[in-house]
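So this one's run-v4.txt, compact mmCIF, C-alpha atoms:
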# COMPACT_ATOMS: atom_id res chain seq x y z
CA MET A 11 127.40 7.04 101.99
CA SER A 12 130.08 8.54 104.20
CA SER A 13 127.92 11.61 104.82
CA LEU A 14 125.16 9.38 106.17
CA LYS A 15 127.48 7.94 108.78
CA ARG A 16 128.50 11.21 110.39
CA LYS A 17 128.48 11.12 114.15
CA ILE A 18 125.28 12.42 115.68
CA ASN A 19 125.46 14.86 118.53
CA HIS A 20 122.83 13.59 120.95
CA ARG A 21 123.45 16.53 123.30
CA GLU A 22 122.40 19.23 120.89
CA THR A 23 120.25 21.87 122.56
CA TYR A 24 116.59 21.57 121.70
CA ILE A 25 114.27 24.54 122.17
CA PRO A 26 110.64 23.35 122.06
CA PRO A 27 108.29 25.17 119.69
CA TYR A 28 106.31 26.89 122.44
CA LYS A 29 109.57 28.43 123.71
CA ARG A 30 110.67 29.53 120.25
CA ARG A 31 107.53 31.46 119.48
CA GLU A 32 104.30 32.21 121.24
CA THR A 33 101.40 29.87 120.41
CA ARG A 34 98.88 31.63 118.22
CA ASP A 35 95.45 32.44 119.54
CA LEU A 36 92.95 30.31 117.60
CA SER A 37 90.62 33.31 117.42
CA THR A 38 93.04 35.21 115.14
CA ASN A 39 92.29 35.78 111.47
CA ARG A 40 92.02 32.27 110.03
CA ASP A 41 92.08 33.56 106.46
CA SER A 42 95.71 34.68 106.84
CA GLY A 43 96.78 31.28 105.51
CA LYS A 44 95.57 32.32 102.08
CA ASP A 45 98.82 34.25 101.69
CA ASN A 46 100.45 30.94 100.76
CA ASN A 47 97.92 29.93 98.10
CA GLY A 48 99.72 28.84 94.97
CA ALA A 49 103.15 28.55 96.59
CA GLN A 50 105.34 26.20 94.59
CA PHE A 51 108.16 23.85 95.58
CA GLN A 52 110.47 22.64 92.82
CA VAL A 53 111.38 18.97 92.74
CA HIS A 54 113.73 19.07 89.77
CA PRO A 55 116.49 19.20 88.85
CA ARG A 56 117.24 16.72 91.58
CA ASN A 57 120.99 17.20 91.35
CA LYS A 58 120.55 20.42 93.35
CA TYR A 59 119.99 18.11 96.34
CA ASP A 60 123.17 16.16 95.64
CA HIS A 61 125.39 17.24 98.53
CA ASP A 62 126.17 16.08 102.05
CA ALA A 63 123.13 14.56 103.69
CA PRO A 64 121.45 16.51 106.50
CA LEU A 65 121.80 15.19 110.02
CA PHE A 66 119.29 12.43 110.75
CA ARG A 67 119.13 11.44 114.40
CA ARG A 68 119.03 7.76 115.24
CA PRO A 69 115.33 6.75 115.30
CA MET A 70 114.21 6.06 118.86
CA PHE A 71 111.38 3.74 119.85
CA VAL A 72 108.93 5.54 122.16
CA GLY A 73 105.93 3.20 122.17
CA ASP A 74 103.71 0.78 120.29
CA PHE A 75 100.15 -0.37 119.73
CA SER A 76 98.22 -3.11 117.96
CA LEU A 77 95.17 -3.25 115.71
CA ASP A 78 93.07 -6.39 115.79
CA GLY A 79 91.21 -8.10 112.97
CA LYS A 80 88.46 -5.49 113.18
CA ARG A 81 90.93 -2.56 113.28
CA ARG A 82 90.29 -1.93 116.96
CA PHE A 83 93.06 -0.14 118.86
CA TYR A 84 94.94 -1.88 121.69
CA HIS A 85 97.71 -0.25 123.66
CA ASP A 86 99.84 -3.41 123.79
CA LYS A 87 102.08 -5.78 121.84
CA ARG A 88 99.52 -8.48 121.04
CA ASN A 89 100.34 -8.43 117.33
CA LEU A 90 104.11 -8.33 117.66
CA HIS A 91 105.45 -11.27 115.64
CA TYR A 92 108.76 -13.07 115.97
CA ILE A 93 110.39 -13.82 112.66
CA SER A 94 112.02 -17.15 111.83
CA MET A 95 115.39 -16.09 110.52
CA ASP A 96 118.36 -17.66 108.78
CA TRP A 97 121.22 -15.23 108.38
CA GLN A 98 122.65 -16.82 105.28
CA THR A 99 122.95 -14.43 102.37
CA SER A 100 120.73 -16.70 100.33
CA LYS A 101 118.63 -19.71 101.28
CA LYS A 102 116.47 -22.08 99.27
CA VAL A 103 112.87 -22.60 100.44
CA ASP A 104 109.57 -23.84 99.07
CA TYR A 105 106.70 -21.52 100.04
CA ASP A 106 103.42 -21.54 98.13
CA LEU A 107 101.87 -18.13 98.66
CA ASN A 108 98.50 -19.31 97.29
CA VAL A 109 97.81 -21.62 100.26
CA ALA A 110 94.51 -20.80 102.03
CA MET A 111 93.93 -17.80 99.80
CA ASP A 112 90.20 -18.48 99.99
CA LYS A 113 90.36 -18.09 103.78
CA MET A 114 92.06 -14.71 103.73
CA ILE A 115 90.26 -11.71 105.22
CA ARG A 116 91.09 -8.78 102.97
CA LYS A 117 91.63 -5.25 104.18
CA ASN A 118 88.80 -2.90 103.23
CA PHE A 119 90.65 0.15 101.92
CA GLU A 120 87.48 2.23 101.74
CA GLU A 121 87.22 1.83 105.52
CA THR A 122 90.90 2.04 106.44
CA LYS A 123 91.46 5.27 104.53
CA THR A 124 88.90 6.96 106.80
CA GLU A 125 91.18 6.25 109.78
CA LYS A 126 93.59 9.00 108.66
CA LEU A 127 95.78 9.70 111.74
CA ASP A 128 93.24 8.43 114.27
CA ARG A 129 95.16 5.40 115.56
CA LEU A 130 98.37 7.35 116.07
CA LEU A 131 96.44 10.14 117.79
CA GLU A 132 94.87 7.58 120.13
CA TRP A 133 98.35 6.50 121.14
CA ILE A 134 99.42 10.12 121.71
CA LEU A 135 96.44 10.78 123.97
CA GLN A 136 97.38 7.79 126.10
CA ASN A 137 101.03 8.81 126.24
CA LEU A 138 101.04 12.56 126.65
CA TYR A 139 103.48 12.22 129.55
CA LYS A 140 106.14 11.15 127.04
CA PHE A 141 105.99 14.62 125.50
CA GLN A 142 106.84 16.42 128.71
CA THR A 143 110.11 18.35 128.66
CA LYS A 144 112.32 19.32 131.57
CA ASP A 145 110.73 22.76 131.57
CA SER A 146 107.16 21.44 131.47
CA SER A 147 107.42 18.36 133.68
CA ASP A 148 105.66 20.03 136.63
CA LYS A 149 103.20 22.06 134.54
CA PRO A 150 100.16 21.30 132.40
CA LEU A 151 101.25 20.21 128.92
CA LYS A 152 100.82 23.02 126.40
CA CYS A 153 102.14 21.32 123.27
CA LEU A 154 103.93 18.20 122.02
CA SER A 155 107.28 20.02 121.55
CA THR A 156 107.41 18.31 118.17
CA ASP A 157 107.45 19.89 114.73
CA PHE A 158 105.73 17.11 112.76
CA VAL A 159 103.44 14.13 113.46
CA CYS A 160 102.60 11.64 110.69
CA PHE A 161 102.95 8.03 109.55
CA ARG A 162 106.14 6.57 108.09
CA GLY A 163 104.48 5.80 104.76
CA LEU A 164 104.09 9.52 104.09
CA LEU A 165 107.79 10.17 104.79
CA THR A 166 108.74 7.20 102.59
CA GLU A 167 106.78 8.65 99.69
CA LEU A 168 108.46 12.01 100.15
CA LEU A 169 111.93 10.46 100.23
CA CYS A 170 111.24 8.70 96.92
CA THR A 171 109.70 11.74 95.22
CA PRO A 172 112.89 12.97 93.46
CA TYR A 173 113.07 9.62 91.65
CA GLU A 174 109.35 9.04 91.06
CA SER A 175 108.39 10.58 87.72
CA LYS A 176 104.91 9.06 87.37
CA GLU A 177 103.35 8.90 90.83
CA GLY A 178 101.53 11.93 92.18
CA TRP A 179 100.45 12.45 95.78
CA ILE A 180 98.33 14.58 98.10
CA ILE A 181 99.37 15.51 101.62
CA CYS A 182 97.21 17.63 103.90
CA ALA A 183 98.63 19.58 106.84
CA THR A 184 97.06 21.04 109.95
CA LYS A 185 98.86 23.04 112.61
CA PHE A 186 97.77 22.66 116.23
CA ARG A 187 99.69 24.02 119.21
CA ASP A 188 102.79 24.56 117.05
CA THR A 189 102.87 20.97 115.78
CA ILE A 190 102.12 20.30 112.11
CA TYR A 191 100.15 17.09 111.54
CA LEU A 192 100.58 15.55 108.09
CA CYS A 193 98.07 13.15 106.53
CA ALA A 194 98.36 11.39 103.16
CA TYR A 195 95.31 11.25 100.91
CA GLU A 196 94.66 8.98 97.97
CA THR A 197 94.88 10.69 94.59
CA PRO A 198 92.09 10.10 92.04
CA GLU A 199 94.59 8.16 89.90
CA LYS A 200 95.56 5.82 92.74
CA GLN A 201 91.93 5.33 93.71
CA SER A 202 91.09 4.40 90.14
CA GLN A 203 94.00 1.96 90.00
CA ARG A 204 92.87 0.32 93.24
CA GLU A 205 89.21 0.10 92.27
CA ASN A 206 90.04 -1.33 88.83
CA ALA A 207 92.72 -3.75 90.00
CA THR A 208 92.58 -7.17 88.35
CA GLU A 209 92.19 -10.36 90.35
CA LEU A 210 95.83 -11.15 89.66
CA GLN A 211 96.90 -7.77 91.06
CA LYS A 212 94.80 -8.34 94.18
CA THR A 213 96.30 -11.80 94.58
CA MET A 214 99.83 -10.46 94.21
CA SER A 215 99.10 -7.93 96.95
CA ALA A 216 97.87 -10.74 99.20
CA TRP A 217 101.04 -12.75 98.59
CA GLY A 218 102.99 -10.33 100.77
CA TYR A 219 100.78 -11.08 103.79
CA LYS A 220 101.06 -14.82 103.19
CA PHE A 221 104.86 -14.59 103.02
CA GLU A 222 104.89 -12.87 106.41
CA GLN A 223 102.84 -15.75 107.78
CA TYR A 224 105.39 -18.29 106.50
CA MET A 225 108.17 -16.33 108.20
CA THR A 226 106.43 -15.94 111.57
CA ASP A 227 107.29 -18.29 114.43
CA GLY A 228 104.42 -20.56 115.43
CA SER A 229 102.18 -19.62 112.50
CA ASP A 230 100.20 -22.08 110.39
CA PRO A 231 100.25 -21.24 106.66
CA THR A 232 97.23 -23.51 106.09
CA LYS A 233 95.13 -20.89 107.89
CA GLY A 234 93.95 -17.67 106.32
CA VAL A 235 95.57 -14.32 107.01
CA ASN A 236 93.64 -11.36 108.38
CA GLU A 237 95.12 -8.33 106.61
CA ASN A 238 93.58 -5.93 109.13
CA GLU A 239 95.86 -6.96 111.98
CA GLU A 240 98.87 -4.73 112.61
CA TYR A 241 101.64 -4.07 115.07
CA CYS A 242 102.83 -0.47 115.00
CA CYS A 243 105.78 1.26 116.61
CA VAL A 244 105.95 4.96 117.40
CA ILE A 245 109.26 6.57 116.53
CA ARG A 246 110.88 9.85 117.50
CA SER A 247 113.67 11.31 115.38
CA ARG A 248 115.00 14.52 113.90
CA LEU A 249 116.01 15.53 110.39
CA GLU A 250 118.32 18.54 110.68
CA SER A 251 116.13 21.08 112.53
CA HIS A 252 112.83 19.18 112.13
CA SER A 253 111.71 17.09 115.09
CA LEU A 254 109.52 14.17 114.03
CA VAL A 255 107.13 11.69 115.67
CA TYR A 256 105.71 9.03 113.37
CA GLY A 257 103.96 5.70 113.50
CA ALA A 258 105.14 2.70 111.49
CA GLU A 259 103.70 -0.75 110.96
CA VAL A 260 106.53 -3.25 111.36
CA ASP A 261 106.67 -6.92 110.42
CA GLY A 262 108.37 -8.42 113.44
CA ALA A 263 111.48 -9.03 115.50
CA ASP A 264 114.25 -11.60 115.59
CA PRO A 265 113.57 -13.61 118.80
CA SER A 266 117.28 -14.32 119.30
CA THR A 267 118.10 -10.64 119.79
CA TYR A 268 114.82 -9.00 120.82
CA LYS A 269 114.68 -7.80 124.41
CA THR A 270 112.29 -5.43 126.13
CA PRO A 271 112.48 -2.62 127.04
CA HIS A 272 114.35 -1.42 123.98
CA SER A 273 115.21 2.05 122.71
CA ASP A 274 115.50 1.27 118.99
CA LEU A 275 114.45 -1.25 116.34
CA LYS A 276 117.80 -2.96 115.72
CA SER A 277 116.23 -6.34 116.48
CA PHE A 278 113.42 -5.87 113.99
CA VAL A 279 113.16 -7.22 110.46
CA GLU A 280 111.38 -5.99 107.33
CA LEU A 281 109.86 -8.71 105.15
CA LYS A 282 109.32 -8.21 101.43
CA THR A 283 108.42 -10.24 98.38
CA GLY A 284 109.60 -9.61 94.86
CA LYS A 285 109.75 -11.19 91.46
CA GLU A 286 112.79 -13.40 91.01
CA PRO A 287 115.24 -11.45 88.80
CA VAL A 288 115.70 -13.46 85.63
CA GLN A 289 116.78 -10.90 83.06
CA ASP A 290 118.98 -7.81 83.37
CA ARG A 291 115.95 -5.55 83.27
CA ASP A 292 114.48 -7.41 86.27
CA TYR A 293 117.63 -6.76 88.26
CA ARG A 294 117.68 -3.09 87.22
CA ALA A 295 114.05 -2.71 88.35
CA LEU A 296 114.94 -4.32 91.68
CA CYS A 297 117.83 -1.90 92.21
CA ARG A 298 116.05 1.18 90.92
CA PHE A 299 112.65 0.87 92.58
CA LYS A 300 112.42 -1.94 95.14
CA LEU A 301 115.67 -1.25 96.99
CA MET A 302 114.94 2.48 97.08
CA LYS A 303 111.57 1.89 98.73
CA TRP A 304 112.96 -0.75 101.11
CA TRP A 305 115.84 1.51 102.11
CA SER A 306 113.50 4.44 102.78
CA GLN A 307 111.12 2.41 104.94
CA SER A 308 113.87 0.74 106.94
CA TYR A 309 116.18 3.75 107.36
CA LEU A 310 113.38 5.90 108.77
CA VAL A 311 112.83 3.49 111.67
CA GLY A 312 116.34 2.14 112.10
CA ILE A 313 115.64 -1.44 111.02
CA PRO A 314 118.99 -2.81 109.80
CA ARG A 315 117.91 -5.69 107.56
CA VAL A 316 115.34 -6.67 104.96
CA VAL A 317 114.56 -10.27 104.06
CA CYS A 318 113.05 -10.76 100.61
CA GLY A 319 111.24 -13.85 99.42
CA PHE A 320 111.83 -14.01 95.68
CA ARG A 321 108.88 -15.63 93.91
CA ASN A 322 108.01 -16.80 90.45
CA THR A 323 104.95 -15.67 88.50
CA ASP A 324 102.86 -18.44 90.11
CA GLY A 325 103.47 -17.19 93.66
CA LYS A 326 106.03 -19.82 94.65
CA VAL A 327 108.95 -18.56 96.76
CA HIS A 328 112.15 -20.51 96.20
CA THR A 329 114.80 -18.10 97.49
CA LEU A 330 115.25 -15.99 100.63
CA LYS A 331 117.83 -13.23 100.51
CA THR A 332 118.88 -10.94 103.36
CA TYR A 333 119.84 -7.34 102.55
CA ASP A 334 121.82 -5.05 104.84
CA VAL A 335 120.09 -1.66 104.73
CA GLU A 336 123.39 0.23 104.90
CA GLU A 337 124.60 -1.53 101.75
CA MET A 338 121.47 -1.05 99.63
CA SER A 339 122.53 2.20 97.97
CA SER A 340 125.84 0.61 96.93
CA ILE A 341 123.98 -2.33 95.42
CA ALA A 342 121.71 0.12 93.58
CA GLN A 343 124.75 1.60 91.80
CA ASP A 344 123.63 5.24 91.68
CA HIS A 345 120.10 4.49 90.50
CA TRP A 346 119.25 6.57 93.58
CA LYS A 347 121.20 8.40 96.26
CA PRO A 348 120.24 8.67 99.95
CA GLU A 349 121.80 12.14 100.09
CA ILE A 350 119.45 13.48 97.42
CA MET A 351 116.43 11.89 99.07
CA LEU A 352 117.21 13.20 102.56
CA ASN A 353 118.07 16.69 101.34
CA PHE A 354 114.84 16.83 99.38
CA LEU A 355 112.81 15.77 102.44
CA ASN A 356 114.60 18.33 104.60
CA LYS A 357 113.88 21.18 102.17
CA PHE A 358 110.28 20.11 101.67
CA LEU A 359 109.64 20.13 105.42
CA GLU A 360 111.09 23.65 105.52
CA PHE A 361 108.63 24.60 102.77
CA VAL A 362 105.73 23.14 104.77
CA LYS A 363 106.75 25.13 107.85
CA THR A 364 106.86 28.30 105.79
CA CYS A 365 103.42 27.69 104.28
CA VAL A 366 101.48 26.37 107.27
CA GLN A 367 100.97 29.43 109.46
CA VAL A 368 97.40 29.21 110.77
CA ASP A 369 97.37 27.39 114.11
CA ASP A 370 93.88 25.91 114.07
CA PRO A 371 92.98 22.18 114.33
CA GLU A 372 90.18 22.62 111.79
CA ALA A 373 92.18 24.53 109.17
CA VAL A 374 93.79 22.54 106.35
CA TYR A 375 96.55 23.12 103.83
CA LYS A 376 96.83 20.83 100.81
CA PHE A 377 100.18 19.99 99.25
CA GLN A 378 99.88 18.25 95.91
CA ARG A 379 102.15 16.81 93.28
CA GLU A 380 100.43 15.93 90.05
CA CYS A 381 101.18 12.60 88.40
CA ASN A 382 103.87 12.53 85.71
CA GLY A 383 106.22 14.75 87.69
CA GLY A 384 106.15 18.48 88.11
CA ASP A 385 106.38 20.80 91.06
CA ILE A 386 104.53 20.68 94.37
CA SER A 387 101.80 23.23 95.05
CA CYS A 388 100.35 24.46 98.32
CA THR A 389 96.70 25.48 98.67
CA TYR A 390 95.09 26.85 101.81
CA LEU A 391 91.65 25.23 102.15
CA GLY A 392 90.54 26.78 105.42
CA HIS A 393 87.76 24.87 107.18
CA ASP A 394 87.01 22.35 104.46
CA PRO A 395 85.30 19.20 105.82
CA GLN A 396 86.29 17.23 102.72
CA TRP A 397 89.95 17.49 103.67
CA ALA A 398 89.90 18.06 107.45
CA PHE A 399 91.41 15.12 109.32
CA MET A 400 91.95 16.21 112.94
CA PRO A 401 89.25 14.56 115.10
CA LYS A 402 87.49 16.70 117.65
CA TRP A 403 87.98 14.06 120.35
CA TYR A 404 91.72 14.57 119.99
CA TYR A 405 92.18 18.32 119.93
CA GLU A 406 89.61 18.89 122.70
CA LYS A 407 91.28 16.39 125.05
CA ALA A 408 94.98 16.63 124.23
CA PHE A 409 95.73 19.71 126.35
CA SER A 410 92.54 20.05 128.34
CA ALA A 411 94.37 19.52 131.64
Would you kindly transcribe this structure into structure tokens?
Amino acid sequence: MSSLKRKINHRETYIPPYKRRETRDLSTNRDSGKDNNGAQFQVHPRNKYDHDAPLFRRPMFVGDFSLDGKRRFYHDKRNLHYISMDWQTSKKVDYDLNVAMDKMIRKNFEETKTEKLDRLLEWILQNLYKFQTKDSSDKPLKCLSTDFVCFRGLLTELLCTPYESKEGWIICATKFRDTIYLCAYETPEKQSQRENATELQKTMSAWGYKFEQYMTDGSDPTKGVNENEEYCCVIRSRLESHSLVYGAEVDGADPSTYKTPHSDLKSFVELKTGKEPVQDRDYRALCRFKLMKWWSQSYLVGIPRVVCGFRNTDGKVHTLKTYDVEEMSSIAQDHWKPEIMLNFLNKFLEFVKTCVQVDDPEAVYKFQRECNGGDISCTYLGHDPQWAFMPKWYYEKAFSA
């Protein structure tokens, strides 16, 4: 872990993309992207990524927004929750996650998956001034001076890829004004799993939302939860040479330390539920899979702690345990290594930059990893409406001034 704690040089010189190379004319040959058809990126052997971690700049909070019960966008903190916390390592509780289950408003995934990057792009449109640089502060904005825009969930999945042997994924990329926008798509396998989920699986998914309600100050667990409501933060960071802006839904903040304005998410808390480890194999699964995912999600946004409500098979939480994010990899005992995960992500982003050459908001590249492991392939799709995700209202307005 020592390589993860290297000092970060916050004064490093940053040359924005539009200074590094001239923005391409959108009228140029849009078929040139076909040169990268079939390009492959090797995931394994993962030990080739086992060296000092690349520099990851401290994640900085740059804004936030809320989604209401009908998934409507609000440029405010209305859904920011304050989390009831007890900083003991372990605490006994009695939470029944089945309370008011019949009153819960479930998230419609068929609708939410059509949102793609829309909510994050809405925030960008309302905050273009935050992308001004010293050189562009008195001029019309030409670009975001950012290499990648996406959601945290996509980056989390990429970080875990070296250790995920079964899960496949699809990521589409579009380049616009020198920024590459990344959007995750559901694979046929994941869609089938979701559509054929049992009632028990759906209930277990809902337990996570109910646990958050128990942990939120002023909430009433006898009332139903609306799964559509969200509070999202927008984060700016950098992995080695890749500048990143990404949105992340967060669970809430500790009211004893939260103050606004704030530049990071040190006061925030991630809430998780998990099966109470009873046998050795349960504990190994917790270390190998759960902690890896929790570390990835929290590290990317700079949240320092995760509180897990350990439940039994009936949905009763009897134990709360607080995990320090910095200590998770030590607890995991080499089931996974942050260095490997970060180096993999760094190299994959380099691969994406190499492949995605056509600067056109309607052109799409598809990066895909098949289930059951294997390499990652890149396919240039051109103007394919099935995979296009950049809304016209965004790319026509973003730099119209």
Would you work out the distance separating atom CA of A:Val335 from atom CA of A:Lys282, expressed in Å to one decimal?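 Those two atoms sit 13.0 Å apart.
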Using Å and a single decimal, report how far atom CA of A:Phe354 sits from atom CA of A:Glu177. 16.4 Å
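Closest to A:Lys101 among A:Thr323, A:Thr329, A:Ser146, A:Gln396 is A:Thr329, based on all atoms listed in the file.
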Shell around stretch 365-379 of chain A at 7 Å using all atoms listed in the file, local window under 3 positions removed, as a ChimeraX atom specification: /A:34,36,40,42-43,46,178-188,361-362,384-393,397-398,400,405
How close does each residue of stretch 191-261 of chain A get to stretch 310-321 of chain A, giving the shortest atom pair and distance in Å to one decimal for every residue with an atom at most 8 Å away, counting all atoms listed in the file, sorted by chain and residue number, as CSV?
residue,atom,partner,partner_atom,distance
A:Phe221,CA,A:Gly319,CA,7.4
A:Ile245,CA,A:Val311,CA,6.8
A:Ala258,CA,A:Val311,CA,7.7
To one decimal in Å, tell me the separation between atom CA of A:Tyr195 and atom CA of A:Leu131. 17.0 Å
For A:Val53, which of A:Lys300, A:Glu250, A:Pro231, A:Cys170 is the closest residue, counting only C-alpha atoms?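 Distance minimum relative to A:Val53 lands on A:Cys170.
Proximity to A:Met70 was assessed for A:Pro395, A:Lys276, A:Gln343, A:Glu286 counting only C-alpha atoms; the smallest distance is recorded for A:Lys276.
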I'd like the neighbourhood of A:Lys113 as an NGL selection string, where a residue qualifies if any of its atoms comes within 10 Å (using only C-alpha atoms), though same-chain residues fewer than 2 positions away should be ignored. :A and (109-111 or 115-116 or 232-236)
Taking all atoms listed in the file into account, name the residue in A:Asp264, A:Glu209, A:Glu360, A:Glu259 that is nearest to A:Glu239.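 So, comparing all the options, the nearest one is A:Glu259.
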Selection as number ranges by chain: residues within 10 Å of (96.1, -9.9, 110.3), counting all atoms listed in the file: A: 77-81, 89, 114-117, 219-220, 223, 234-241
Got a sec to check which residues sit within 7 Å of (115.9, 11.8, 99.1), counting only C-alpha atoms, and write them as a list in words?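 Residues close enough to count: Leu169, Cys170, Pro172, Lys347, Pro348, Glu349, Ile350, Met351, Leu352, Asn353, Phe354 and Leu355 of chain A.
Among the candidate residues A:Arg162, A:His85, A:His61, A:Arg68, the one lying nearest to A:Trp133 is A:His85, with distances computed using all atoms listed in the file.
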Would you list the contacts of A:Ser340 as a PDB file with C-alpha atoms, keeping the file's coordinate frame, taking every protein, DNA or RNA residue within 12 Å and counting all atoms listed in the file, but skipping same-chain residues closer than 6 positions in sequence?
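New file part-v4.pdb:
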ATOM      1  CA  MET A  11     127.400   7.040 101.990  1.00  0.00           C
ATOM      2  CA  SER A  12     130.080   8.540 104.200  1.00  0.00           C
ATOM      3  CA  CYS A 297     117.830  -1.900  92.210  1.00  0.00           C
ATOM      4  CA  ARG A 298     116.050   1.180  90.920  1.00  0.00           C
ATOM      5  CA  LEU A 301     115.670  -1.250  96.990  1.00  0.00           C
ATOM      6  CA  MET A 302     114.940   2.480  97.080  1.00  0.00           C
ATOM      7  CA  TRP A 305     115.840   1.510 102.110  1.00  0.00           C
ATOM      8  CA  TYR A 333     119.840  -7.340 102.550  1.00  0.00           C
ATOM      9  CA  ASP A 334     121.820  -5.050 104.840  1.00  0.00           C
ATOM     10  CA  TRP A 346     119.250   6.570  93.580  1.00  0.00           C
ATOM     11  CA  LYS A 347     121.200   8.400  96.260  1.00  0.00           C
ATOM     12  CA  PRO A 348     120.240   8.670  99.950  1.00  0.00           C
TER      13      PRO A 348
END
Please list as a list in words every residue within 8 Å of A:Lys87, counting all atoms listed in the file and excluding residues in the same chain fewer than 4 positions away.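 The residues satisfying every condition are Asp74, Phe75, Ser76 and Tyr241 of chain A.
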For A:Asn382, which of A:Tyr256, A:Ser266, A:Gln307, A:Thr171 is the closest residue, counting all atoms listed in the file?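 Between A:Tyr256, A:Ser266, A:Gln307, A:Thr171, the residue approaching A:Asn382 most closely is A:Thr171.
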List the spatial neighbours of A:Lys326 as an MDAnalysis selection string - criterion: any atom at most 9 Å away, only C-alpha atoms, same-chain residues fewer than 2 positions off excluded. chainID A and resid 104:108 320:324 328
With C-alpha atoms retained, export the selected residues as a tab-separated table (two decimals), keeping the file's coordinate frame.
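Listed below is the output, again-v4.tsv:
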chain	number	residue	atom	x	y	z
A	104	ASP	CA	109.57	-23.84	99.07
A	105	TYR	CA	106.70	-21.52	100.04
A	106	ASP	CA	103.42	-21.54	98.13
A	107	LEU	CA	101.87	-18.13	98.66
A	108	ASN	CA	98.50	-19.31	97.29
A	320	PHE	CA	111.83	-14.01	95.68
A	321	ARG	CA	108.88	-15.63	93.91
A	322	ASN	CA	108.01	-16.80	90.45
A	323	THR	CA	104.95	-15.67	88.50
A	324	ASP	CA	102.86	-18.44	90.11
A	328	HIS	CA	112.15	-20.51	96.20
